[in-house]
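structure.cif follows; it contains mmCIF, C-alpha atoms.
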```
data_coords
#
loop_
_atom_site.label_atom_id
_atom_site.label_comp_id
_atom_site.auth_asym_id
_atom_site.auth_seq_id
_atom_site.Cartn_x
_atom_site.Cartn_y
_atom_site.Cartn_z
CA MET H 270 11.88 6.58 6.29
CA LEU H 271 10.82 4.75 3.11
CA PRO H 272 12.51 1.69 1.56
CA PRO H 273 15.27 2.78 -0.89
CA ALA H 274 13.32 1.84 -4.05
CA ALA H 275 10.37 3.93 -2.89
CA GLU H 276 12.64 6.88 -1.97
CA ARG H 277 14.15 6.72 -5.44
CA LEU H 278 10.71 6.76 -7.06
CA VAL H 279 9.73 9.78 -4.94
CA ALA H 280 12.95 11.55 -6.01
CA GLU H 281 12.26 10.86 -9.71
CA LEU H 282 8.62 11.99 -9.43
CA GLU H 283 9.77 15.22 -7.74
CA ARG H 284 11.61 16.17 -10.94
CA LEU H 285 8.28 16.53 -12.75
CA PRO H 286 7.04 20.12 -13.14
CA GLY H 287 4.66 21.23 -10.39
CA VAL H 288 5.35 18.13 -8.27
CA GLY H 289 6.73 18.79 -4.77
CA ARG H 290 7.81 16.24 -2.18
CA ARG H 291 4.32 15.68 -0.74
CA THR H 292 2.74 15.19 -4.15
CA ALA H 293 5.60 12.89 -5.18
CA GLN H 294 4.97 10.76 -2.08
CA ARG H 295 1.25 10.64 -2.82
CA LEU H 296 1.94 9.57 -6.42
CA ALA H 297 4.48 6.96 -5.27
CA PHE H 298 2.00 5.44 -2.81
CA HIS H 299 -0.60 5.44 -5.57
CA LEU H 300 1.78 3.55 -7.87
CA LEU H 301 2.44 1.04 -5.07
CA ARG H 302 -1.26 0.50 -4.37
CA VAL H 303 -2.72 0.12 -7.88
CA PRO H 304 -2.62 -3.25 -9.67
CA GLU H 305 0.95 -3.94 -10.81
CA SER H 306 -0.10 -3.86 -14.48
CA GLU H 307 -1.32 -0.25 -14.13
CA ALA H 308 2.02 0.92 -12.71
CA LEU H 309 3.98 -1.00 -15.36
CA ASN H 310 1.79 0.43 -18.14
CA LEU H 311 2.92 3.92 -17.13
CA ALA H 312 6.58 2.84 -17.06
CA THR H 313 6.19 1.27 -20.50
CA ALA H 314 4.39 4.31 -21.93
CA ILE H 315 7.30 6.54 -20.84
CA THR H 316 9.89 4.18 -22.35
CA VAL H 317 7.95 3.76 -25.60
CA VAL H 318 7.36 7.48 -26.04
CA ARG H 319 11.10 8.13 -25.87
CA GLU H 320 11.85 5.22 -28.23
CA ARG H 321 9.31 6.11 -30.88
CA ILE H 322 8.76 9.85 -30.87
CA GLY H 323 11.00 12.28 -32.68
CA PHE H 324 10.53 15.45 -34.73
CA CYS H 325 8.53 15.70 -37.97
CA GLN H 326 11.01 16.13 -40.87
CA GLU H 327 8.79 18.82 -42.37
CA CYS H 328 7.45 20.95 -39.49
CA PHE H 329 9.38 19.74 -36.39
CA SER H 330 6.25 18.86 -34.42
CA LEU H 331 6.34 15.60 -32.50
CA ALA H 332 6.10 12.64 -34.86
CA GLU H 333 6.06 8.87 -34.73
CA GLY H 334 7.98 8.18 -37.93
CA ASP H 335 9.11 10.79 -40.49
CA LEU H 336 6.00 12.97 -40.59
CA CYS H 337 3.62 14.25 -37.90
CA THR H 338 -0.11 13.50 -38.18
CA THR H 339 -0.78 16.99 -39.58
CA CYS H 340 1.90 16.86 -42.31
CA ALA H 341 0.86 13.29 -43.18
CA ASP H 342 -2.81 14.30 -43.58
CA PRO H 343 -3.54 15.12 -47.26
CA ARG H 344 -6.74 16.98 -46.26
CA ARG H 345 -4.77 19.73 -44.49
CA ASP H 346 -4.36 23.00 -46.39
CA THR H 347 -0.73 23.28 -47.55
CA THR H 348 -1.07 26.97 -48.47
CA MET H 349 -1.06 28.08 -44.80
CA ILE H 350 1.65 27.62 -42.19
CA CYS H 351 1.07 28.44 -38.53
CA VAL H 352 4.38 29.10 -36.74
CA VAL H 353 4.55 28.20 -33.03
CA GLU H 354 7.33 28.07 -30.44
CA THR H 355 6.96 24.53 -29.07
CA PRO H 356 5.28 21.24 -30.03
CA SER H 357 2.79 21.67 -27.17
CA ASP H 358 1.56 24.95 -28.70
CA VAL H 359 -0.01 22.94 -31.53
CA ILE H 360 -2.60 21.44 -29.14
CA PRO H 361 -4.50 24.63 -28.16
CA ILE H 362 -4.66 25.71 -31.81
CA GLU H 363 -6.00 22.30 -32.91
CA ARG H 364 -8.53 22.52 -30.06
CA THR H 365 -10.10 25.63 -31.65
CA ALA H 366 -11.04 23.44 -34.65
CA SER H 367 -10.77 26.60 -36.76
CA TYR H 368 -7.38 26.05 -38.39
CA ARG H 369 -6.92 23.53 -41.21
CA GLY H 370 -3.42 24.45 -42.41
CA ARG H 371 0.02 23.11 -41.56
CA TYR H 372 2.39 24.03 -38.70
CA HIS H 373 6.03 24.93 -38.18
CA VAL H 374 7.58 24.49 -34.74
CA LEU H 375 10.54 26.81 -34.12
CA GLY H 376 11.72 25.02 -30.98
CA GLY H 377 11.65 28.15 -28.79
CA ALA H 378 11.84 31.94 -29.06
CA LEU H 379 14.73 34.30 -29.73
CA SER H 380 16.30 35.43 -26.48
CA PRO H 381 19.84 36.84 -26.71
CA ILE H 382 20.04 36.97 -22.88
CA ASP H 383 19.51 33.20 -22.70
CA GLY H 384 21.83 32.68 -25.66
CA VAL H 385 19.03 31.68 -28.07
CA ASP H 386 20.01 32.99 -31.51
CA PRO H 387 18.25 32.50 -34.87
CA ASP H 388 20.57 29.54 -35.59
CA ASP H 389 19.22 27.73 -32.51
CA LEU H 390 15.67 27.78 -33.89
CA ARG H 391 14.21 26.14 -37.02
CA ILE H 392 14.00 29.51 -38.79
CA ALA H 393 16.17 28.63 -41.81
CA GLU H 394 13.99 25.53 -42.33
CA LEU H 395 10.86 27.71 -42.27
CA VAL H 396 12.31 30.13 -44.81
CA ARG H 397 13.20 27.19 -47.09
CA ARG H 398 9.65 25.79 -46.79
CA VAL H 399 8.16 29.14 -47.80
CA GLU H 400 10.72 29.75 -50.60
CA ARG H 401 9.82 26.36 -52.10
CA GLY H 402 6.50 28.05 -53.00
CA GLY H 403 2.82 27.14 -52.61
CA VAL H 404 2.49 28.97 -49.29
CA ASP H 405 0.10 31.94 -49.38
CA GLU H 406 0.04 32.88 -45.70
CA VAL H 407 2.24 32.39 -42.65
CA ILE H 408 0.46 32.98 -39.32
CA LEU H 409 2.93 33.86 -36.57
CA ALA H 410 1.52 32.30 -33.40
CA THR H 411 4.51 32.73 -31.09
CA ASN H 412 3.55 33.77 -27.54
CA PRO H 413 2.49 37.40 -26.89
CA THR H 414 5.58 37.86 -24.68
CA MET H 415 8.74 39.88 -25.14
CA THR H 416 10.67 36.97 -26.68
CA GLY H 417 7.68 35.73 -28.69
CA GLU H 418 7.08 39.21 -30.17
CA ALA H 419 10.77 39.63 -31.01
CA THR H 420 10.76 36.25 -32.74
CA ALA H 421 7.63 37.15 -34.71
CA SER H 422 9.18 40.45 -35.89
CA PHE H 423 12.42 38.75 -36.92
CA VAL H 424 10.69 35.94 -38.81
CA ALA H 425 8.23 38.36 -40.46
CA GLY H 426 11.14 40.34 -41.90
CA LEU H 427 12.55 37.22 -43.55
CA LEU H 428 9.24 35.92 -44.94
CA ARG H 429 7.49 39.10 -46.15
CA PRO H 430 9.11 38.93 -49.64
CA HIS H 431 7.63 35.46 -50.17
CA ALA H 432 4.18 35.32 -48.53
CA ARG H 433 1.49 37.19 -46.61
CA VAL H 434 2.61 37.25 -42.98
CA THR H 435 0.02 37.63 -40.19
CA ARG H 436 0.09 37.66 -36.41
CA LEU H 437 -2.51 36.35 -33.91
CA ALA H 438 -4.70 39.18 -32.57
CA SER H 439 -3.92 40.58 -29.12
CA GLY H 440 -6.78 41.91 -27.01
CA LEU H 441 -9.21 41.11 -24.23
CA PRO H 442 -9.76 37.41 -23.59
CA VAL H 443 -13.39 36.35 -24.12
CA GLY H 444 -15.26 36.53 -20.80
CA ALA H 445 -12.80 38.99 -19.27
CA ASP H 446 -13.77 42.02 -17.19
CA LEU H 447 -12.63 45.42 -18.49
CA GLU H 448 -12.04 46.58 -14.92
CA PHE H 449 -9.34 43.97 -14.36
CA ALA H 450 -7.63 44.14 -17.78
CA ASP H 451 -3.97 45.18 -17.66
CA GLU H 452 -3.17 48.38 -19.54
CA VAL H 453 -0.95 46.72 -22.16
CA THR H 454 -3.66 44.25 -23.15
CA LEU H 455 -6.32 46.97 -23.14
CA GLY H 456 -4.03 49.21 -25.23
CA ARG H 457 -3.67 46.39 -27.78
CA ALA H 458 -7.45 45.84 -27.76
CA LEU H 459 -7.96 49.53 -28.55
CA ALA H 460 -5.28 49.60 -31.26
CA GLY H 461 -6.74 46.45 -32.85
CA ARG H 462 -10.41 47.58 -32.67
CA ARG H 463 -12.67 46.42 -35.50
CA ASP H 464 -15.65 47.98 -37.28
CA LEU H 465 -19.03 46.59 -36.28
CA MET I 118 -3.78 15.36 -32.42
CA LEU I 119 -0.70 13.74 -30.85
CA PRO I 120 1.26 10.74 -32.14
CA PRO I 121 -0.20 7.46 -30.71
CA ALA I 122 2.70 6.81 -28.29
CA ALA I 123 2.29 10.30 -26.82
CA GLU I 124 -1.51 9.88 -26.55
CA ARG I 125 -0.96 6.63 -24.69
CA LEU I 126 1.45 8.31 -22.26
CA VAL I 127 -1.07 11.12 -21.64
CA ALA I 128 -3.78 8.50 -20.97
CA GLU I 129 -1.57 6.64 -18.46
CA LEU I 130 -0.55 9.87 -16.69
CA GLU I 131 -4.24 10.86 -16.42
CA ARG I 132 -4.82 7.81 -14.20
CA LEU I 133 -2.64 9.38 -11.48
CA PRO I 134 -4.55 11.04 -8.63
CA GLY I 135 -5.09 14.78 -9.13
CA VAL I 136 -3.86 14.68 -12.73
CA GLY I 137 -6.37 15.88 -15.35
CA ARG I 138 -5.92 15.92 -19.11
CA ARG I 139 -4.12 19.28 -19.26
CA THR I 140 -1.67 18.33 -16.51
CA ALA I 141 -1.11 14.94 -18.15
CA GLN I 142 -0.26 16.68 -21.44
CA ARG I 143 2.12 19.02 -19.64
CA LEU I 144 3.85 16.09 -17.92
CA ALA I 145 4.04 14.16 -21.20
CA PHE I 146 5.67 17.11 -23.00
CA HIS I 147 8.07 17.45 -20.08
CA LEU I 148 9.03 13.77 -20.40
CA LEU I 149 9.57 14.27 -24.15
CA ARG I 150 11.74 17.35 -23.64
CA VAL I 151 14.08 16.28 -20.83
CA PRO I 152 17.23 14.23 -21.57
CA GLU I 153 16.22 10.66 -22.43
CA SER I 154 18.02 9.31 -19.34
CA GLU I 155 15.84 11.39 -17.01
CA ALA I 156 12.63 10.01 -18.55
CA LEU I 157 13.95 6.44 -18.49
CA ASN I 158 15.04 6.85 -14.84
CA LEU I 159 11.43 7.51 -13.90
CA ALA I 160 10.23 4.49 -15.89
CA THR I 161 12.85 2.32 -14.20
CA ALA I 162 12.03 3.64 -10.72
CA ILE I 163 8.37 2.67 -11.22
CA THR I 164 9.30 -0.81 -12.45
CA VAL I 165 11.83 -1.38 -9.66
CA VAL I 166 9.48 -0.20 -6.93
CA ARG I 167 6.89 -2.78 -7.99
CA GLU I 168 9.52 -5.53 -8.29
CA ARG I 169 11.18 -4.93 -4.94
CA ILE I 170 8.64 -3.51 -2.54
CA GLY I 171 6.23 -5.64 -0.57
CA PHE I 172 4.85 -5.69 2.96
CA CYS I 173 6.91 -6.02 6.14
CA GLN I 174 6.31 -9.49 7.63
CA GLU I 175 6.04 -7.99 11.09
CA CYS I 176 4.10 -4.71 10.77
CA PHE I 177 2.82 -4.66 7.13
CA SER I 178 4.46 -1.32 6.29
CA LEU I 179 6.20 -1.13 2.93
CA ALA I 180 9.42 -3.11 2.95
CA GLU I 181 12.25 -3.99 0.63
CA GLY I 182 12.90 -7.53 1.83
CA ASP I 183 11.25 -9.24 4.82
CA LEU I 184 11.31 -6.35 7.28
CA CYS I 185 10.65 -2.61 6.95
CA THR I 186 13.33 -0.12 8.00
CA THR I 187 11.59 0.48 11.35
CA CYS I 188 11.23 -3.20 12.31
CA ALA I 189 14.80 -3.87 11.17
CA ASP I 190 16.17 -1.03 13.33
CA PRO I 191 17.30 -2.41 16.73
CA ARG I 192 17.28 1.10 18.23
CA ARG I 193 13.49 1.36 17.91
CA ASP I 194 11.48 0.80 21.09
CA THR I 195 9.73 -2.59 20.82
CA THR I 196 7.45 -1.92 23.81
CA MET I 197 5.27 0.53 21.86
CA ILE I 198 3.20 -0.10 18.73
CA CYS I 199 1.53 2.71 16.80
CA VAL I 200 -1.42 1.42 14.75
CA VAL I 201 -2.19 3.23 11.48
CA GLU I 202 -4.54 2.62 8.57
CA THR I 203 -2.19 2.77 5.58
CA PRO I 204 1.57 2.63 4.88
CA SER I 205 1.55 6.32 3.96
CA ASP I 206 0.30 7.22 7.47
CA VAL I 207 3.72 6.23 8.85
CA ILE I 208 5.37 9.22 7.14
CA PRO I 209 3.61 12.08 9.01
CA ILE I 210 4.24 10.33 12.34
CA GLU I 211 7.94 9.83 11.56
CA ARG I 212 8.09 13.48 10.52
CA THR I 213 7.18 14.57 14.07
CA ALA I 214 10.46 12.94 15.24
CA SER I 215 8.70 12.31 18.57
CA TYR I 216 7.87 8.62 18.22
CA ARG I 217 10.56 5.94 18.58
CA GLY I 218 8.41 2.78 18.77
CA ARG I 219 7.24 0.32 16.15
CA TYR I 220 4.21 0.44 13.81
CA HIS I 221 1.37 -1.78 12.71
CA VAL I 222 -0.40 -1.06 9.43
CA LEU I 223 -3.98 -2.35 9.35
CA GLY I 224 -4.43 -1.85 5.60
CA GLY I 225 -7.56 0.31 5.93
CA ALA I 226 -10.41 1.00 8.33
CA LEU I 227 -13.52 -0.99 9.23
CA SER I 228 -16.43 0.01 7.02
CA PRO I 229 -19.32 -2.45 6.80
CA ILE I 230 -20.95 -0.32 4.06
CA ASP I 231 -17.88 -0.78 1.84
CA GLY I 232 -17.65 -4.46 2.86
CA VAL I 233 -14.49 -3.99 4.96
CA ASP I 234 -14.75 -6.43 7.89
CA PRO I 235 -12.18 -7.20 10.61
CA ASP I 236 -10.95 -10.16 8.54
CA ASP I 237 -9.99 -7.79 5.71
CA LEU I 238 -7.58 -5.86 7.96
CA ARG I 239 -4.39 -7.04 9.75
CA ILE I 240 -6.19 -7.04 13.10
CA ALA I 241 -5.59 -10.73 14.00
CA GLU I 242 -1.88 -10.19 13.28
CA LEU I 243 -1.84 -7.18 15.64
CA VAL I 244 -3.53 -9.14 18.41
CA ARG I 245 -0.96 -11.95 17.99
CA ARG I 246 1.93 -9.42 18.16
CA VAL I 247 0.57 -8.00 21.43
CA GLU I 248 -0.26 -11.43 22.91
CA ARG I 249 3.35 -12.52 22.27
CA GLY I 250 4.20 -10.09 25.11
CA GLY I 251 6.76 -7.29 25.53
CA VAL I 252 4.32 -4.60 24.38
CA ASP I 253 3.41 -2.05 27.04
CA GLU I 254 1.39 0.42 24.99
CA VAL I 255 -0.56 0.42 21.74
CA ILE I 256 -1.27 3.89 20.31
CA LEU I 257 -4.28 3.85 18.00
CA ALA I 258 -3.50 6.40 15.27
CA THR I 259 -6.29 5.59 12.84
CA ASN I 260 -7.86 8.69 11.26
CA PRO I 261 -10.27 10.82 13.32
CA THR I 262 -13.11 9.90 10.93
CA MET I 263 -16.19 7.74 11.39
CA THR I 264 -14.47 4.61 10.07
CA GLY I 265 -11.18 5.38 11.83
CA GLU I 266 -12.92 5.88 15.19
CA ALA I 267 -14.94 2.68 14.75
CA THR I 268 -11.75 0.76 13.96
CA ALA I 269 -9.99 2.22 17.02
CA SER I 270 -12.90 1.21 19.31
CA PHE I 271 -13.00 -2.32 17.90
CA VAL I 272 -9.23 -2.85 18.15
CA ALA I 273 -9.10 -1.32 21.66
CA GLY I 274 -11.68 -3.86 22.88
CA LEU I 275 -9.47 -6.73 21.70
CA LEU I 276 -6.19 -5.37 23.07
CA ARG I 277 -7.18 -3.93 26.46
CA PRO I 278 -6.66 -7.25 28.29
CA HIS I 279 -3.04 -7.35 27.11
CA ALA I 280 -1.66 -3.76 27.06
CA ARG I 281 -2.33 -0.10 27.72
CA VAL I 282 -4.31 1.21 24.76
CA THR I 283 -4.21 4.94 23.88
CA ARG I 284 -5.67 7.11 21.16
CA LEU I 285 -4.19 10.22 19.49
CA ALA I 286 -5.62 13.42 21.00
CA SER I 287 -8.36 15.24 19.10
CA GLY I 288 -8.61 19.01 19.42
CA LEU I 289 -7.72 22.29 17.80
CA PRO I 290 -4.85 22.16 15.31
CA VAL I 291 -1.90 24.33 16.34
CA GLY I 292 -2.24 27.78 14.76
CA ALA I 293 -6.02 27.45 14.29
CA ASP I 294 -8.52 30.20 14.98
CA LEU I 295 -11.23 29.40 17.55
CA GLU I 296 -13.75 31.39 15.51
CA PHE I 297 -13.47 29.01 12.58
CA ALA I 298 -13.26 25.71 14.48
CA ASP I 299 -16.07 23.27 13.74
CA GLU I 300 -18.22 22.34 16.74
CA VAL I 301 -17.20 18.68 16.81
CA THR I 302 -13.49 19.53 16.99
CA LEU I 303 -14.11 22.25 19.56
CA GLY I 304 -16.25 19.85 21.61
CA ARG I 305 -13.38 17.35 21.59
CA ALA I 306 -10.92 20.08 22.59
CA LEU I 307 -13.16 20.94 25.57
CA ALA I 308 -13.64 17.32 26.59
CA GLY I 309 -9.88 16.70 26.34
CA ARG I 310 -8.86 19.88 28.20
CA ARG I 311 -5.70 19.61 30.32
CA ASP I 312 -4.63 21.19 33.61
CA LEU I 313 -2.09 24.01 33.28
#
```
Just dump the structure as structure tokens.
Amino acid sequence: MLPPAAERLVAELERLPGVGRRTAQRLAFHLLRVPESEALNLATAITVVRERIGFCQECFSLAEGDLCTTCADPRRDTTMICVVETPSDVIPIERTASYRGRYHVLGGALSPIDGVDPDDLRIAELVRRVERGGVDEVILATNPTMTGEATASFVAGLLRPHARVTRLASGLPVGADLEFADEVTLGRALAGRRDL
Amino acid sequence: MLPPAAERLVAELERLPGVGRRTAQRLAFHLLRVPESEALNLATAITVVRERIGFCQECFSLAEGDLCTTCADPRRDTTMICVVETPSDVIPIERTASYRGRYHVLGGALSPIDGVDPDDLRIAELVRRVERGGVDEVILATNPTMTGEATASFVAGLLRPHARVTRLASGLPVGADLEFADEVTLGRALAGRRDL
């Protein structure tokens, strides 16, 4: 139906998350219609990102070069480490503009069913960072899911001898309606209630 | 927040239709996580599509080479031409599997307000194709919008001396509910009613 080169582009676009065949066709036609330079800029950006970006040697976030922008920034507080599952989890935390410490990216969450053991994550590297000293608090910001909670418990057990270990609060999201809160979240909100 | 190469990829992805900043970030992280070959395949597909794909010399659909797959297919009926606005409009018509003729892509619709005059579309080329003879019917399949209808009327006036000129039916979409039909569509459905 389409020329082979266009069919191939549609097939490659369909591999992107959340992109079905119709969306892939719409994107392909867009890339055929825009000025050639715009399409080639996207192709180049993809190639360059894979050439240049690797993991930060210190915290395993994405980095261009040896260190990520956070680890390379001398103004960031080195006494706090925020532990997240994936590099993309750093973005929402940075967006709050209320955290000035460093990060540590585990590269996933423990999940024996999926064959993800402690050795598959950057847990040993985290323990070494904390054992080196100078870290007062480790904030465990893994997801509030079964695997994220299990990972937080496991990591907390290893780090407690060396630093204060905290976990992100669970509770009602701001703006939520009590009527529609699920019972687990509401139970956590009750258990974590604070004095006013 | 992100390394420069990743920021640049997010910015390029944001230029795609329907892709906001969050989606662009998600796509960028996807392209960083998949095997390098998968990311580079997408970059190559974009580059190749712009290198190889142009317009069919006969009907102005997308083509790899001089002719599109439809014009190059000797089994297609050369006595019928279906006129559409854009190359992507060919896909839904092919999907019906009920049209075996050729196409003609105008490259848009007449819209004096947007400065689109007959000279900006492939109308002269269509008239020449029909004047060359051998065409019994021209189906005008421009969109049922103000500009699409205006284009159909204009083109019909030029072609009527040379061939039968038809227009896609307007009416209720299959599966629709009469209660929710807009009055213009329902009016068209009444006007176009058929004997049973």
Residues of chain I within 9 Å of chain H, using only C-alpha atoms, as a PyMOL selection string?
-> chain I and resi 118-123+125-130+132-134+142-149+153+155-167+169-171+179-181+185-187+204-205+207-208+211-212
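Distance annotation: of H:Ile408, H:Leu395, H:Met415, H:Ile382, the residue with the minimal separation from Val434 in chain H is H:Ile408; atom set is all atoms listed in the file.
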**Selection result of the PyMOL selection byres ((chain H and resi 429) around 12) on this file, as a PyMOL selection string** = chain H and resi 396+399-400+404-409+421-428+430-435
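We find CA of Ser439 in chain H and CA of Gly137 in chain I to be spaced 28.4 Å apart.
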**Residues matched by the PyMOL selection byres ((chain I and resi 224) around 6) as number ranges by chain** = I: 202-203, 222-223, 225, 238
With C-alpha atoms retained, write the just-selected residues as an mmCIF file, in the frame of the given file.
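This went into again15.cif:
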```cif
data_model
loop_
_atom_site.group_PDB
_atom_site.id
_atom_site.type_symbol
_atom_site.label_atom_id
_atom_site.label_comp_id
_atom_site.auth_asym_id
_atom_site.auth_seq_id
_atom_site.Cartn_x
_atom_site.Cartn_y
_atom_site.Cartn_z
ATOM 1 C CA GLU I 202 -4.540 2.620 8.570
ATOM 2 C CA THR I 203 -2.190 2.770 5.580
ATOM 3 C CA VAL I 222 -0.400 -1.060 9.430
ATOM 4 C CA LEU I 223 -3.980 -2.350 9.350
ATOM 5 C CA GLY I 225 -7.560 0.310 5.930
ATOM 6 C CA LEU I 238 -7.580 -5.860 7.960
#
```
_Set the distance at 9 Å and use only C-alpha atoms: which residues neighbour Thr347 in chain H once local chain neighbours fewer than 4 positions away are removed? I'd like the list as a PyMOL selection string._
chain H and resi 340+343+369-371+403-405
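Distance-wise, CA of Thr268 in chain I and CA of Tyr220 in chain I end up 16.0 Å apart.
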For CA of Ile392 in chain H and CA of Ala410 in chain H, the interatomic separation in Å (one decimal)
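These two atoms are separated by 13.9 Å.
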Using the chain letters and numbers from the file, give me the residues hit by the PyMOL selection byres ((chain I and resi 305) around 12), as a PyMOL selection string. chain I and resi 261+285-290+298-304+306-311
Can you fill out range 135-142 of chain I with all heavy atoms and hand it back as a PDB file, in the frame of the given file?
```pdb
ATOM      1  N   GLY I 135      -5.268  13.330  -9.020  1.00  0.00           N
ATOM      2  CA  GLY I 135      -5.090  14.780  -9.130  1.00  0.00           C
ATOM      3  C   GLY I 135      -4.533  15.229 -10.460  1.00  0.00           C
ATOM      4  O   GLY I 135      -4.190  16.393 -10.629  1.00  0.00           O
ATOM      5  N   VAL I 136      -4.405  14.327 -11.418  1.00  0.00           N
ATOM      6  CA  VAL I 136      -3.860  14.680 -12.730  1.00  0.00           C
ATOM      7  C   VAL I 136      -4.975  14.640 -13.768  1.00  0.00           C
ATOM      8  O   VAL I 136      -5.497  13.563 -14.072  1.00  0.00           O
ATOM      9  CB  VAL I 136      -2.698  13.745 -13.127  1.00  0.00           C
ATOM     10  CG1 VAL I 136      -2.211  14.057 -14.537  1.00  0.00           C
ATOM     11  CG2 VAL I 136      -1.554  13.868 -12.136  1.00  0.00           C
ATOM     12  N   GLY I 137      -5.362  15.808 -14.292  1.00  0.00           N
ATOM     13  CA  GLY I 137      -6.370  15.880 -15.350  1.00  0.00           C
ATOM     14  C   GLY I 137      -5.690  15.851 -16.702  1.00  0.00           C
ATOM     15  O   GLY I 137      -4.469  15.678 -16.793  1.00  0.00           O
ATOM     16  N   ARG I 138      -6.484  16.042 -17.773  1.00  0.00           N
ATOM     17  CA  ARG I 138      -5.920  15.920 -19.110  1.00  0.00           C
ATOM     18  C   ARG I 138      -4.848  16.981 -19.398  1.00  0.00           C
ATOM     19  O   ARG I 138      -3.795  16.658 -19.934  1.00  0.00           O
ATOM     20  CB  ARG I 138      -7.041  16.003 -20.157  1.00  0.00           C
ATOM     21  CG  ARG I 138      -6.523  15.775 -21.552  1.00  0.00           C
ATOM     22  CD  ARG I 138      -7.486  15.172 -22.543  1.00  0.00           C
ATOM     23  NE  ARG I 138      -6.776  14.985 -23.807  1.00  0.00           N
ATOM     24  CZ  ARG I 138      -6.127  13.887 -24.145  1.00  0.00           C
ATOM     25  NH1 ARG I 138      -6.136  12.856 -23.355  1.00  0.00           N
ATOM     26  NH2 ARG I 138      -5.465  13.807 -25.287  1.00  0.00           N
ATOM     27  N   ARG I 139      -5.116  18.218 -18.995  1.00  0.00           N
ATOM     28  CA  ARG I 139      -4.120  19.280 -19.260  1.00  0.00           C
ATOM     29  C   ARG I 139      -2.802  19.003 -18.548  1.00  0.00           C
ATOM     30  O   ARG I 139      -1.738  19.172 -19.121  1.00  0.00           O
ATOM     31  CB  ARG I 139      -4.649  20.645 -18.782  1.00  0.00           C
ATOM     32  CG  ARG I 139      -5.916  21.101 -19.462  1.00  0.00           C
ATOM     33  CD  ARG I 139      -5.601  21.945 -20.698  1.00  0.00           C
ATOM     34  NE  ARG I 139      -6.844  22.234 -21.380  1.00  0.00           N
ATOM     35  CZ  ARG I 139      -7.357  23.459 -21.546  1.00  0.00           C
ATOM     36  NH1 ARG I 139      -6.692  24.501 -21.109  1.00  0.00           N
ATOM     37  NH2 ARG I 139      -8.490  23.639 -22.180  1.00  0.00           N
ATOM     38  N   THR I 140      -2.891  18.619 -17.270  1.00  0.00           N
ATOM     39  CA  THR I 140      -1.670  18.330 -16.510  1.00  0.00           C
ATOM     40  C   THR I 140      -0.951  17.135 -17.131  1.00  0.00           C
ATOM     41  O   THR I 140       0.275  17.133 -17.255  1.00  0.00           O
ATOM     42  CB  THR I 140      -2.006  18.032 -15.037  1.00  0.00           C
ATOM     43  OG1 THR I 140      -2.768  19.107 -14.528  1.00  0.00           O
ATOM     44  CG2 THR I 140      -0.740  17.873 -14.205  1.00  0.00           C
ATOM     45  N   ALA I 141      -1.718  16.134 -17.540  1.00  0.00           N
ATOM     46  CA  ALA I 141      -1.110  14.940 -18.150  1.00  0.00           C
ATOM     47  C   ALA I 141      -0.357  15.331 -19.426  1.00  0.00           C
ATOM     48  O   ALA I 141       0.753  14.852 -19.678  1.00  0.00           O
ATOM     49  CB  ALA I 141      -2.180  13.896 -18.451  1.00  0.00           C
ATOM     50  N   GLN I 142      -0.953  16.231 -20.223  1.00  0.00           N
ATOM     51  CA  GLN I 142      -0.260  16.680 -21.440  1.00  0.00           C
ATOM     52  C   GLN I 142       1.028  17.421 -21.086  1.00  0.00           C
ATOM     53  O   GLN I 142       2.068  17.211 -21.716  1.00  0.00           O
ATOM     54  CB  GLN I 142      -1.176  17.621 -22.243  1.00  0.00           C
ATOM     55  CG  GLN I 142      -2.257  16.877 -23.005  1.00  0.00           C
ATOM     56  CD  GLN I 142      -3.240  17.803 -23.691  1.00  0.00           C
ATOM     57  OE1 GLN I 142      -3.256  19.007 -23.425  1.00  0.00           O
ATOM     58  NE2 GLN I 142      -4.052  17.257 -24.564  1.00  0.00           N
TER      59      GLN I 142
END
```
